[in-house]
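Participant: My file is input00.txt. It has compact mmCIF, C-alpha atoms and all ligand atoms:
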# COMPACT_ATOMS: atom_id res chain seq x y z
CA MET A 1 0.00 0.00 0.00
CA LYS A 2 1.23 3.51 -0.90
CA LYS A 3 0.27 6.90 0.46
CA THR A 4 -1.06 7.85 -2.99
CA ASP A 5 -3.62 5.01 -2.69
CA ILE A 6 -4.98 6.71 0.39
CA THR A 7 -5.16 10.13 -1.31
CA GLN A 8 -6.92 8.61 -4.31
CA LEU A 9 -9.42 6.80 -2.12
CA TYR A 10 -10.26 10.05 -0.28
CA GLN A 11 -10.69 11.80 -3.64
CA GLU A 12 -13.04 9.02 -4.81
CA ILE A 13 -15.14 9.19 -1.62
CA SER A 14 -15.41 12.95 -1.91
CA GLU A 15 -16.62 12.78 -5.54
CA GLN A 16 -19.11 10.03 -4.79
CA LEU A 17 -20.56 11.96 -1.85
CA SER A 18 -20.94 15.16 -3.88
CA ALA A 19 -23.01 13.20 -6.37
CA ALA A 20 -25.22 11.58 -3.69
CA LYS A 21 -28.84 12.63 -4.17
CA ASP A 22 -30.56 11.24 -1.10
CA ALA A 23 -30.09 9.50 2.25
CA GLN A 24 -30.42 6.06 0.66
CA ALA A 25 -27.56 6.66 -1.74
CA LEU A 26 -25.53 8.06 1.14
CA GLU A 27 -26.10 4.96 3.25
CA ALA A 28 -24.99 2.71 0.36
CA LEU A 29 -21.78 4.74 0.06
CA ARG A 30 -21.21 4.55 3.83
CA VAL A 31 -21.37 0.73 3.68
CA ARG A 32 -19.14 0.68 0.60
CA TYR A 33 -16.38 2.79 2.14
CA LEU A 34 -16.74 2.68 5.92
CA GLY A 35 -18.61 -0.65 6.34
CA ARG A 36 -17.12 -2.67 9.26
CA LYS A 37 -16.60 -5.84 7.23
CA ASP A 38 -15.80 -4.94 3.64
CA GLY A 39 -15.61 -1.17 3.55
CA GLU A 40 -12.75 0.09 1.35
CA VAL A 41 -11.28 2.14 4.20
CA THR A 42 -11.73 -0.72 6.66
CA LYS A 43 -9.96 -3.11 4.29
CA LEU A 44 -6.93 -0.81 4.21
CA VAL A 45 -6.91 -0.49 7.99
CA LYS A 46 -7.01 -4.29 8.25
CA GLN A 47 -3.77 -4.51 6.23
CA LEU A 48 -1.84 -2.60 8.89
CA PRO A 49 -0.83 -5.63 11.05
CA GLN A 50 0.86 -7.25 8.07
CA MET A 51 3.04 -4.23 7.42
CA SER A 52 6.62 -3.72 8.63
CA VAL A 53 7.16 -1.47 11.64
CA GLU A 54 8.62 1.19 9.33
CA GLU A 55 5.54 1.13 7.01
CA ARG A 56 3.15 1.16 9.94
CA ARG A 57 4.81 4.31 11.27
CA THR A 58 3.82 6.27 8.13
CA MET A 59 0.69 4.47 6.99
CA GLY A 60 -0.93 4.26 10.46
CA PRO A 61 -1.42 8.02 10.92
CA ALA A 62 -2.32 8.48 7.23
CA LEU A 63 -5.10 5.88 7.50
CA ASN A 64 -6.39 7.45 10.72
CA THR A 65 -6.63 10.81 8.99
CA LEU A 66 -8.41 9.22 6.01
CA LYS A 67 -10.97 7.59 8.30
CA ARG A 68 -11.59 10.79 10.28
CA ASP A 69 -11.86 12.97 7.14
CA ALA A 70 -14.14 10.47 5.41
CA GLU A 71 -16.45 10.38 8.43
CA ALA A 72 -16.57 14.18 8.50
CA LEU A 73 -17.49 14.20 4.80
CA PHE A 74 -20.34 11.78 5.46
CA SER A 75 -21.69 14.00 8.27
CA GLU A 76 -21.53 17.10 6.07
CA THR A 77 -23.29 15.31 3.25
CA LEU A 78 -25.97 14.07 5.61
CA GLU A 79 -26.56 17.67 6.78
CA ARG A 80 -26.74 18.88 3.19
CA LEU A 81 -29.26 16.24 2.22
CA SER A 82 -31.48 16.66 5.29
CA GLY A 83 -31.35 20.47 4.88
CA ALA A 84 -32.57 20.13 1.34
CA LYS A 85 -35.31 17.85 2.57
CA LYS A 86 -36.33 20.40 5.21
CA LYS A 87 -36.52 23.13 2.58
CA ARG A 88 -38.78 21.03 0.44
CA ALA A 89 -40.98 20.42 3.49
CA ILE A 90 -41.94 24.10 4.04
CA ASP A 91 -45.67 24.37 4.67
CA VAL A 92 -46.74 27.32 2.58
CA THR A 93 -50.19 27.36 4.16
CA MET A 94 -48.75 28.33 7.57
CA PRO A 95 -49.52 31.94 8.60
CA GLY A 96 -46.50 34.25 8.15
CA LYS A 97 -44.47 35.69 11.01
CA LYS A 98 -45.60 39.18 12.03
CA ILE A 99 -42.80 41.70 11.59
CA PRO A 100 -43.22 44.55 14.07
CA VAL A 101 -43.45 47.89 12.27
CA GLY A 102 -41.57 50.80 13.84
CA HIS A 103 -43.06 54.26 14.19
CA LEU A 104 -42.03 57.78 15.11
CA HIS A 105 -41.07 58.73 18.66
CA PRO A 106 -43.56 61.24 20.16
CA LEU A 107 -40.82 63.88 20.36
CA THR A 108 -40.03 63.45 16.66
CA ARG A 109 -43.72 63.77 15.85
CA VAL A 110 -44.10 66.99 17.80
CA GLU A 111 -40.88 68.42 16.40
CA ARG A 112 -42.01 67.69 12.84
CA GLU A 113 -45.39 69.27 13.55
CA ILE A 114 -43.70 72.41 14.90
CA ARG A 115 -41.47 72.58 11.82
CA GLU A 116 -44.51 72.30 9.52
CA ILE A 117 -46.40 75.05 11.34
CA PHE A 118 -43.50 77.51 11.17
CA LEU A 119 -42.64 76.61 7.57
CA ALA A 120 -46.25 77.44 6.67
CA MET A 121 -45.73 80.85 8.34
CA ASN A 122 -42.70 81.48 6.11
CA PHE A 123 -40.03 80.68 8.70
CA SER A 124 -36.88 78.79 7.67
CA VAL A 125 -35.54 75.84 9.67
CA VAL A 126 -31.90 76.17 10.70
CA GLU A 127 -29.60 73.92 12.74
CA GLY A 128 -26.38 74.46 14.69
CA PRO A 129 -23.64 72.47 16.46
CA GLU A 130 -24.23 70.62 19.73
CA VAL A 131 -20.61 71.16 20.80
CA GLU A 132 -20.39 74.91 21.15
CA SER A 133 -17.84 77.55 22.14
CA GLU A 134 -18.16 79.68 25.23
CA HIS A 135 -18.41 82.71 22.93
CA TYR A 136 -21.58 81.62 21.13
CA ASN A 137 -23.27 79.93 24.08
CA PHE A 138 -22.66 82.79 26.54
CA ASP A 139 -20.51 85.83 25.68
CA ALA A 140 -22.20 86.84 22.43
CA LEU A 141 -25.58 86.41 24.12
CA ASN A 142 -24.73 89.13 26.63
CA ILE A 143 -23.85 86.64 29.38
CA PRO A 144 -20.29 87.66 30.30
CA LYS A 145 -17.87 85.50 32.31
CA ASP A 146 -18.47 85.59 36.05
CA HIS A 147 -21.96 87.06 35.51
CA PRO A 148 -24.46 85.46 37.90
CA ALA A 149 -26.83 84.89 34.95
CA ARG A 150 -24.54 82.02 33.85
CA ASP A 151 -25.90 80.07 36.81
CA MET A 152 -29.20 79.80 34.90
CA TRP A 153 -27.47 77.29 32.64
CA ASP A 154 -25.64 74.47 34.45
CA THR A 155 -23.01 73.57 31.94
CA PHE A 156 -21.14 70.48 30.78
CA TRP A 157 -17.66 71.79 29.96
CA LEU A 158 -15.52 69.70 27.63
CA LYS A 159 -11.91 68.74 28.28
CA THR A 160 -9.76 68.82 25.22
CA ASN A 161 -6.25 67.57 24.60
CA SER A 162 -5.71 69.17 21.21
CA LYS A 163 -2.68 71.47 21.00
CA GLU A 164 -4.82 74.29 19.64
CA HIS A 165 -7.00 74.18 22.73
CA GLN A 166 -4.10 74.14 25.12
CA THR A 167 -2.89 77.54 23.89
CA LYS A 168 -3.96 80.59 25.84
CA ARG A 169 -6.18 82.08 23.15
CA ALA A 170 -8.12 78.87 22.58
CA GLU A 171 -11.75 78.98 23.57
CA ARG A 172 -13.31 76.61 26.05
CA LEU A 173 -15.80 74.18 24.55
CA LEU A 174 -19.07 72.98 26.06
CA LEU A 175 -22.24 71.05 25.22
CA ARG A 176 -24.68 73.80 24.30
CA THR A 177 -27.07 74.57 27.13
CA HIS A 178 -29.70 76.10 24.83
CA THR A 179 -30.38 76.66 21.12
CA SER A 180 -29.88 80.43 21.46
CA PRO A 181 -26.22 80.39 20.21
CA VAL A 182 -27.59 79.59 16.74
CA GLN A 183 -29.15 83.10 16.78
CA ILE A 184 -25.64 84.61 16.66
CA ARG A 185 -24.28 82.06 14.17
CA TYR A 186 -27.19 82.76 11.80
CA MET A 187 -27.05 86.55 12.14
CA GLU A 188 -23.31 86.55 11.38
CA GLN A 189 -24.01 84.85 8.05
CA HIS A 190 -27.30 86.48 6.96
CA LYS A 191 -28.79 89.90 6.40
CA PRO A 192 -32.25 90.78 7.75
CA PRO A 193 -35.15 90.64 7.27
CA PHE A 194 -35.55 86.95 8.11
CA GLN A 195 -37.43 84.60 10.38
CA ILE A 196 -36.04 81.26 11.51
CA ILE A 197 -36.65 78.42 13.93
CA VAL A 198 -33.88 76.23 15.33
CA PRO A 199 -34.88 72.81 16.65
CA GLY A 200 -32.07 71.00 18.46
CA ARG A 201 -30.66 68.97 21.29
CA VAL A 202 -29.32 70.70 24.38
CA PHE A 203 -27.61 69.58 27.59
CA ARG A 204 -27.64 70.72 31.20
CA TYR A 205 -25.68 69.49 34.17
CA GLU A 206 -28.61 69.24 36.55
CA ALA A 207 -30.53 66.70 38.60
CA THR A 208 -33.35 64.94 36.78
CA ASP A 209 -36.96 64.93 37.99
CA ALA A 210 -40.42 64.67 36.42
CA SER A 211 -39.87 67.85 34.37
CA HIS A 212 -36.06 68.07 34.04
CA GLU A 213 -33.64 65.97 32.02
CA VAL A 214 -29.90 66.25 31.46
CA ASN A 215 -30.41 65.95 27.71
CA PHE A 216 -33.51 67.53 26.15
CA TYR A 217 -34.67 69.44 23.08
CA GLN A 218 -35.52 73.06 22.44
CA VAL A 219 -36.93 75.01 19.53
CA GLU A 220 -35.53 78.52 19.18
CA GLY A 221 -37.27 81.24 17.17
CA LEU A 222 -35.84 84.48 15.80
CA MET A 223 -37.40 87.16 13.63
CA VAL A 224 -35.40 90.27 12.71
CA GLY A 225 -36.32 93.26 10.55
CA LYS A 226 -36.77 97.02 10.59
CA ASP A 227 -40.18 97.11 12.26
CA VAL A 228 -40.48 93.81 14.09
CA SER A 229 -42.37 94.38 17.34
CA LEU A 230 -43.80 92.55 20.34
CA ALA A 231 -47.19 92.73 18.62
CA ASN A 232 -45.72 90.61 15.79
CA PHE A 233 -44.43 88.15 18.37
CA LYS A 234 -47.82 87.89 20.03
CA PHE A 235 -49.53 87.24 16.70
CA VAL A 236 -47.00 84.59 15.54
CA ILE A 237 -47.02 82.74 18.81
CA THR A 238 -50.81 82.80 19.23
CA GLU A 239 -51.17 81.43 15.70
CA PHE A 240 -48.55 78.78 16.43
CA PHE A 241 -50.30 77.46 19.54
CA LYS A 242 -53.68 77.59 17.83
CA ARG A 243 -52.34 75.35 15.04
CA LEU A 244 -50.43 73.06 17.42
CA PHE A 245 -53.32 72.39 19.80
CA LYS A 246 -55.93 72.64 17.01
CA LYS A 247 -58.13 75.11 18.88
CA ASP A 248 -58.22 78.79 19.86
CA ILE A 249 -56.07 79.12 22.90
CA ALA A 250 -55.44 82.15 25.14
CA ILE A 251 -51.85 83.17 25.82
CA ARG A 252 -50.40 85.32 28.58
CA LEU A 253 -47.10 87.26 28.53
CA ARG A 254 -45.36 87.84 31.87
CA PRO A 255 -42.25 89.94 32.51
CA SER A 256 -39.14 87.82 32.99
CA TYR A 257 -35.37 88.03 32.63
CA PHE A 258 -32.98 86.61 30.04
CA PRO A 259 -29.72 88.51 29.43
CA PHE A 260 -30.14 88.35 25.64
CA VAL A 261 -33.54 90.10 25.46
CA GLU A 262 -35.00 93.36 26.66
CA PRO A 263 -37.76 93.24 27.68
CA GLY A 264 -37.73 89.54 28.60
CA LEU A 265 -40.94 87.50 28.79
CA GLU A 266 -42.31 84.21 29.96
CA VAL A 267 -45.16 82.88 27.81
CA ASP A 268 -48.05 80.90 29.32
CA VAL A 269 -50.90 79.20 27.46
CA ALA A 270 -54.32 78.56 28.95
CA CYS A 271 -54.31 75.01 30.31
CA VAL A 272 -55.32 72.61 27.55
CA LYS A 273 -56.86 70.16 30.01
CA CYS A 274 -59.19 72.42 32.05
CA GLY A 275 -59.49 75.26 29.51
CA GLY A 276 -57.88 77.74 31.94
CA LYS A 277 -60.38 77.14 34.73
CA GLY A 278 -58.09 75.21 37.08
CA ARG A 279 -60.95 72.73 37.67
CA LEU A 280 -62.11 69.81 35.54
CA ARG A 281 -65.74 69.30 34.40
CA ASP A 282 -66.39 66.92 37.26
CA GLY A 283 -65.24 69.59 39.72
CA GLY A 284 -61.91 67.87 40.43
CA ALA A 285 -58.62 69.75 40.57
CA CYS A 286 -56.67 70.02 37.30
CA THR A 287 -53.31 68.34 37.89
CA LEU A 288 -51.79 69.50 34.60
CA CYS A 289 -51.74 73.21 35.55
CA LYS A 290 -51.89 72.56 39.29
CA GLU A 291 -55.17 74.53 39.37
CA SER A 292 -53.50 77.74 38.12
CA GLY A 293 -55.27 77.61 34.75
CA TRP A 294 -51.98 78.43 32.94
CA LEU A 295 -49.06 76.41 31.57
CA GLU A 296 -45.61 77.96 31.22
CA VAL A 297 -44.35 77.13 27.74
CA MET A 298 -41.45 79.36 26.68
CA GLY A 299 -39.01 82.17 27.34
CA ALA A 300 -38.97 85.08 24.91
CA GLY A 301 -38.36 88.79 24.39
CA MET A 302 -37.07 91.54 22.13
CA VAL A 303 -33.46 90.92 21.04
CA HIS A 304 -31.02 92.88 23.22
CA PRO A 305 -28.92 95.56 21.42
CA HIS A 306 -25.72 93.90 22.72
CA VAL A 307 -26.70 90.68 20.91
CA PHE A 308 -27.16 92.56 17.62
CA GLU A 309 -23.75 94.19 18.16
CA ALA A 310 -22.09 90.81 18.86
CA ALA A 311 -23.49 89.55 15.54
CA GLY A 312 -22.20 92.61 13.66
CA TYR A 313 -25.57 94.39 13.24
CA ASN A 314 -26.38 98.03 14.00
CA PRO A 315 -28.96 97.88 16.84
CA ARG A 316 -30.31 101.34 15.95
CA GLU A 317 -31.46 100.07 12.56
CA LEU A 318 -33.04 96.76 13.54
CA GLN A 319 -35.48 95.12 15.91
CA GLY A 320 -36.31 91.50 16.51
CA PHE A 321 -38.05 89.04 18.74
CA ALA A 322 -36.71 85.70 19.92
CA PHE A 323 -38.14 82.77 21.84
CA GLY A 324 -37.08 79.37 23.11
CA LEU A 325 -39.40 76.51 24.04
CA GLY A 326 -38.76 73.09 25.56
CA LEU A 327 -39.91 70.40 23.14
CA GLU A 328 -40.57 67.82 25.86
CA ARG A 329 -42.72 70.32 27.76
CA ILE A 330 -44.90 70.89 24.68
CA ALA A 331 -45.17 67.14 24.01
CA MET A 332 -46.07 66.51 27.67
CA ILE A 333 -48.88 69.07 27.47
CA LYS A 334 -50.11 67.82 24.09
CA TYR A 335 -50.21 64.16 25.08
CA ASN A 336 -50.80 64.56 28.83
CA ILE A 337 -47.53 62.84 29.78
CA PRO A 338 -46.76 63.14 33.49
CA ASP A 339 -42.98 62.53 33.53
CA ILE A 340 -40.28 63.71 31.09
CA ARG A 341 -38.14 60.64 31.87
CA LEU A 342 -40.64 58.43 30.02
CA PHE A 343 -39.39 59.87 26.70
CA TYR A 344 -35.93 58.45 27.28
CA SER A 345 -36.87 55.25 29.12
CA GLY A 346 -36.77 53.09 25.98
CA ASP A 347 -39.95 51.45 27.34
CA LEU A 348 -41.88 50.17 24.33
CA ARG A 349 -45.15 50.14 26.30
CA PHE A 350 -44.85 53.93 26.44
CA ILE A 351 -43.60 54.50 22.89
CA LYS A 352 -46.28 52.27 21.31
CA GLN A 353 -49.08 54.52 22.61
CA PHE A 354 -48.29 57.23 20.05
C1 LIG B 401 -35.44 82.94 26.04
C2 LIG B 401 -35.54 84.16 25.41
C3 LIG B 401 -35.18 84.21 24.08
O1 LIG B 401 -35.21 85.40 23.48
C4 LIG B 401 -34.78 83.09 23.38
C5 LIG B 401 -34.71 81.88 24.02
C6 LIG B 401 -35.03 81.81 25.35
C7 LIG B 401 -34.92 80.52 26.05
C8 LIG B 401 -33.56 80.41 26.75
N1 LIG B 401 -32.48 80.18 25.81
C9 LIG B 401 -33.62 79.21 27.70
O2 LIG B 401 -32.93 78.22 27.54
N2 LIG B 401 -34.50 79.39 28.69
S1 LIG B 401 -34.85 78.25 29.78
O3 LIG B 401 -33.65 77.90 30.50
O4 LIG B 401 -35.92 78.71 30.59
O5 LIG B 401 -35.29 76.98 28.95
C10 LIG B 401 -36.36 77.07 28.01
C11 LIG B 401 -37.27 75.88 28.14
O6 LIG B 401 -36.49 74.70 28.08
C12 LIG B 401 -37.97 75.81 29.47
O7 LIG B 401 -39.15 76.57 29.42
C13 LIG B 401 -38.27 74.33 29.61
O8 LIG B 401 -39.45 73.99 28.91
C14 LIG B 401 -37.09 73.72 28.89
N3 LIG B 401 -36.11 73.22 29.87
C15 LIG B 401 -35.22 73.91 30.59
N4 LIG B 401 -34.47 73.09 31.36
C16 LIG B 401 -34.90 71.84 31.11
C17 LIG B 401 -35.95 71.92 30.17
N5 LIG B 401 -36.60 70.83 29.70
C18 LIG B 401 -36.19 69.63 30.17
N6 LIG B 401 -35.19 69.47 31.07
C19 LIG B 401 -34.52 70.53 31.56
N7 LIG B 401 -33.51 70.34 32.39
Give the structure from the file, written as structure tokens.
Ligand code: YSA
Facilitator:
Amino acid sequence: MKKTDITQLYQEISEQLSAAKDAQALEALRVRYLGRKDGEVTKLVKQLPQMSVEERRTMGPALNTLKRDAEALFSETLERLSGAKKKRAIDVTMPGKKIPVGHLHPLTRVEREIREIFLAMNFSVVEGPEVESEHYNFDALNIPKDHPARDMWDTFWLKTNSKEHQTKRAERLLLRTHTSPVQIRYMEQHKPPFQIIVPGRVFRYEATDASHEVNFYQVEGLMVGKDVSLANFKFVITEFFKRLFKKDIAIRLRPSYFPFVEPGLEVDVACVKCGGKGRLRDGGACTLCKESGWLEVMGAGMVHPHVFEAAGYNPRELQGFAFGLGLERIAMIKYNIPDIRLFYSGDLRFIKQF
């Protein structure tokens, strides 16, 4: 016996197995090659005792390998043939598997709705970076370093290792705390008149509770022109809420403070649950507005002259209004959602309700 006989026999088994069409043919081949009595491989193994010690040393391992490889080939072929059988056995009358269909997150829905409403009022939609410089997030918005107003925005400051940022002149970077920096970025690049909204993600380093998250969304608004007034703001915003809540809705403007506007305002809408009465039809207390009849929905005001100057405009020639609303707050009011953390819980029982 020579080693080439073994190689040839393996080759032959391999070819025969490739041609095997069914389990019956496979079984016949198994008997022919691996059969205990007269199998071709077995016959070769049986010759081993008659060989010289020298021959046995080379042929023994070669025959072992042949046997092992041939058995592996038989197993593979058996798998191939039974797989093919399984395929043929598919029951086409069985009902199909239901593939769950995804849908939009409630925040995406509300954001899209807000975009549509403002687009219909001739506003453009603009976006800006989430990693922002201290200049755009604070300084240019009339919030100088060490000014107590900075405490209104608890900030995530970013560490940076780049050489540029280790130099003295390099600006500190942060995760933007509001969408207002995009006001400056846009004004630097565009000439008035214009009206824009800026939807986007913002970040604050603060404790979470039912109405506060570390990561949330805002929609900024800015309208600038020669004669833009608070009356224009009141009209735009009343129209916006009317379209968003699909009914006439009273709004209330209260004096407030933001460094980048003068005067600054807080905007309330009449509670959408109790209609501004503070009490429900059944006489029970309205929990949405905590019986006040009003819901606080956004900060706003007339753009401060310092902000126009920081953007390179002449404040004596222009006027503008700006506002910033919390997207989650609007969605919570619209869908009567009691806790902001539900939006980010990843709980499908919550998401599937919208
Ligand atoms: C004010 C005047 C303007 O002319 C333009 C914009 C603004 C808004 C200002 N930039 C701002 O950020 N004001 S704010 O701190 O009061 O936030 C605005 C809204 O964001 C809030 O009314 C609230 O709805 C939402 N908000 C604030 N902190 C939040 C939050 N939502 C969720 N989690 C938080 N931690």
Participant: As AutoDock Vina command-line options, what would the box around ligand LIG 401 (chain B) look like: edges along x, y and z, 5 Å added on every side, centre and edge lengths in Å to one decimal?
Facilitator:
--center_x -36.0 --center_y 77.4 --center_z 27.9 --size_x 17.0 --size_y 25.9 --size_z 19.0
Participant: Neighbours of ligand LIG 401 (chain B) within 9 Å, counting only C-alpha atoms and all ligand atoms, as a PDB file with C-alpha atoms, keeping the file's coordinate frame?
Facilitator:
ATOM      1  CA  MET A 152     -29.200  79.800  34.900  1.00  0.00           C
ATOM      2  CA  TRP A 153     -27.470  77.290  32.640  1.00  0.00           C
ATOM      3  CA  THR A 177     -27.070  74.570  27.130  1.00  0.00           C
ATOM      4  CA  HIS A 178     -29.700  76.100  24.830  1.00  0.00           C
ATOM      5  CA  THR A 179     -30.380  76.660  21.120  1.00  0.00           C
ATOM      6  CA  SER A 180     -29.880  80.430  21.460  1.00  0.00           C
ATOM      7  CA  PRO A 181     -26.220  80.390  20.210  1.00  0.00           C
ATOM      8  CA  GLN A 183     -29.150  83.100  16.780  1.00  0.00           C
ATOM      9  CA  VAL A 202     -29.320  70.700  24.380  1.00  0.00           C
ATOM     10  CA  PHE A 203     -27.610  69.580  27.590  1.00  0.00           C
ATOM     11  CA  ARG A 204     -27.640  70.720  31.200  1.00  0.00           C
ATOM     12  CA  TYR A 205     -25.680  69.490  34.170  1.00  0.00           C
ATOM     13  CA  GLU A 206     -28.610  69.240  36.550  1.00  0.00           C
ATOM     14  CA  ALA A 207     -30.530  66.700  38.600  1.00  0.00           C
ATOM     15  CA  THR A 208     -33.350  64.940  36.780  1.00  0.00           C
ATOM     16  CA  ASP A 209     -36.960  64.930  37.990  1.00  0.00           C
ATOM     17  CA  ALA A 210     -40.420  64.670  36.420  1.00  0.00           C
ATOM     18  CA  SER A 211     -39.870  67.850  34.370  1.00  0.00           C
ATOM     19  CA  HIS A 212     -36.060  68.070  34.040  1.00  0.00           C
ATOM     20  CA  GLU A 213     -33.640  65.970  32.020  1.00  0.00           C
ATOM     21  CA  VAL A 214     -29.900  66.250  31.460  1.00  0.00           C
ATOM     22  CA  ASN A 215     -30.410  65.950  27.710  1.00  0.00           C
ATOM     23  CA  PHE A 216     -33.510  67.530  26.150  1.00  0.00           C
ATOM     24  CA  TYR A 217     -34.670  69.440  23.080  1.00  0.00           C
ATOM     25  CA  GLN A 218     -35.520  73.060  22.440  1.00  0.00           C
ATOM     26  CA  VAL A 219     -36.930  75.010  19.530  1.00  0.00           C
ATOM     27  CA  GLU A 220     -35.530  78.520  19.180  1.00  0.00           C
ATOM     28  CA  GLY A 221     -37.270  81.240  17.170  1.00  0.00           C
ATOM     29  CA  LEU A 222     -35.840  84.480  15.800  1.00  0.00           C
ATOM     30  CA  TYR A 257     -35.370  88.030  32.630  1.00  0.00           C
ATOM     31  CA  PHE A 258     -32.980  86.610  30.040  1.00  0.00           C
ATOM     32  CA  PRO A 259     -29.720  88.510  29.430  1.00  0.00           C
ATOM     33  CA  PHE A 260     -30.140  88.350  25.640  1.00  0.00           C
ATOM     34  CA  VAL A 261     -33.540  90.100  25.460  1.00  0.00           C
ATOM     35  CA  GLU A 262     -35.000  93.360  26.660  1.00  0.00           C
ATOM     36  CA  GLY A 264     -37.730  89.540  28.600  1.00  0.00           C
ATOM     37  CA  LEU A 265     -40.940  87.500  28.790  1.00  0.00           C
ATOM     38  CA  GLU A 266     -42.310  84.210  29.960  1.00  0.00           C
ATOM     39  CA  VAL A 267     -45.160  82.880  27.810  1.00  0.00           C
ATOM     40  CA  GLU A 296     -45.610  77.960  31.220  1.00  0.00           C
ATOM     41  CA  VAL A 297     -44.350  77.130  27.740  1.00  0.00           C
ATOM     42  CA  MET A 298     -41.450  79.360  26.680  1.00  0.00           C
ATOM     43  CA  GLY A 299     -39.010  82.170  27.340  1.00  0.00           C
ATOM     44  CA  ALA A 300     -38.970  85.080  24.910  1.00  0.00           C
ATOM     45  CA  GLY A 301     -38.360  88.790  24.390  1.00  0.00           C
ATOM     46  CA  MET A 302     -37.070  91.540  22.130  1.00  0.00           C
ATOM     47  CA  VAL A 303     -33.460  90.920  21.040  1.00  0.00           C
ATOM     48  CA  HIS A 304     -31.020  92.880  23.220  1.00  0.00           C
ATOM     49  CA  PHE A 321     -38.050  89.040  18.740  1.00  0.00           C
ATOM     50  CA  ALA A 322     -36.710  85.700  19.920  1.00  0.00           C
ATOM     51  CA  PHE A 323     -38.140  82.770  21.840  1.00  0.00           C
ATOM     52  CA  GLY A 324     -37.080  79.370  23.110  1.00  0.00           C
ATOM     53  CA  LEU A 325     -39.400  76.510  24.040  1.00  0.00           C
ATOM     54  CA  GLY A 326     -38.760  73.090  25.560  1.00  0.00           C
ATOM     55  CA  LEU A 327     -39.910  70.400  23.140  1.00  0.00           C
ATOM     56  CA  GLU A 328     -40.570  67.820  25.860  1.00  0.00           C
ATOM     57  CA  ARG A 329     -42.720  70.320  27.760  1.00  0.00           C
ATOM     58  CA  ILE A 330     -44.900  70.890  24.680  1.00  0.00           C
ATOM     59  CA  ILE A 340     -40.280  63.710  31.090  1.00  0.00           C
TER      60      ILE A 340
END
Participant: One decimal, Å: what's the distance from CA of Ile351 in chain A over to CA of Glu113 in chain A, could you say?
Facilitator: 17.6 Å
Participant: Counting only C-alpha atoms, what is within 9 Å of Ser133 in chain A, bar same-chain residues fewer than 4 positions away, as a VMD selection string?
Facilitator: chain A and resid 137 to 138 171 to 176
Participant: Fewer than 6 positions away in the same chain doesn't count, so skip those; otherwise give me all residues within 7 Å of Leu318 in chain A, counting only C-alpha atoms, as a PyMOL selection string.
Facilitator: chain A and resi 224-226
Participant: Measuring atom to atom with all atoms listed in the file, identify which of A:Ile90, A:Asp268, A:Lys246, A:His103 is nearest to Lys234 in chain A.
Facilitator: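 Closest to Lys234 in chain A of all the choices is A:Asp268.
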Participant: Please measure the separation of CA of Phe74 in chain A and CA of Leu26 in chain A, giving the value in Å to one decimal.
Facilitator: 7.7 Å
Participant: Could you work out how far CA of Val101 in chain A lies from CA of Gly200 in chain A, giving the answer in Å with one decimal?
Facilitator: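 Separation between CA of Gly200 in chain A and CA of Val101 in chain A: 26.5 Å.
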Participant: Pick out the closest residue to Leu34 in chain A from this set: A:Phe156, A:Trp294, A:Tyr344, A:Tyr10. Count only C-alpha atoms.
Facilitator: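 The answer is A:Tyr10, which sits nearest to Leu34 in chain A.
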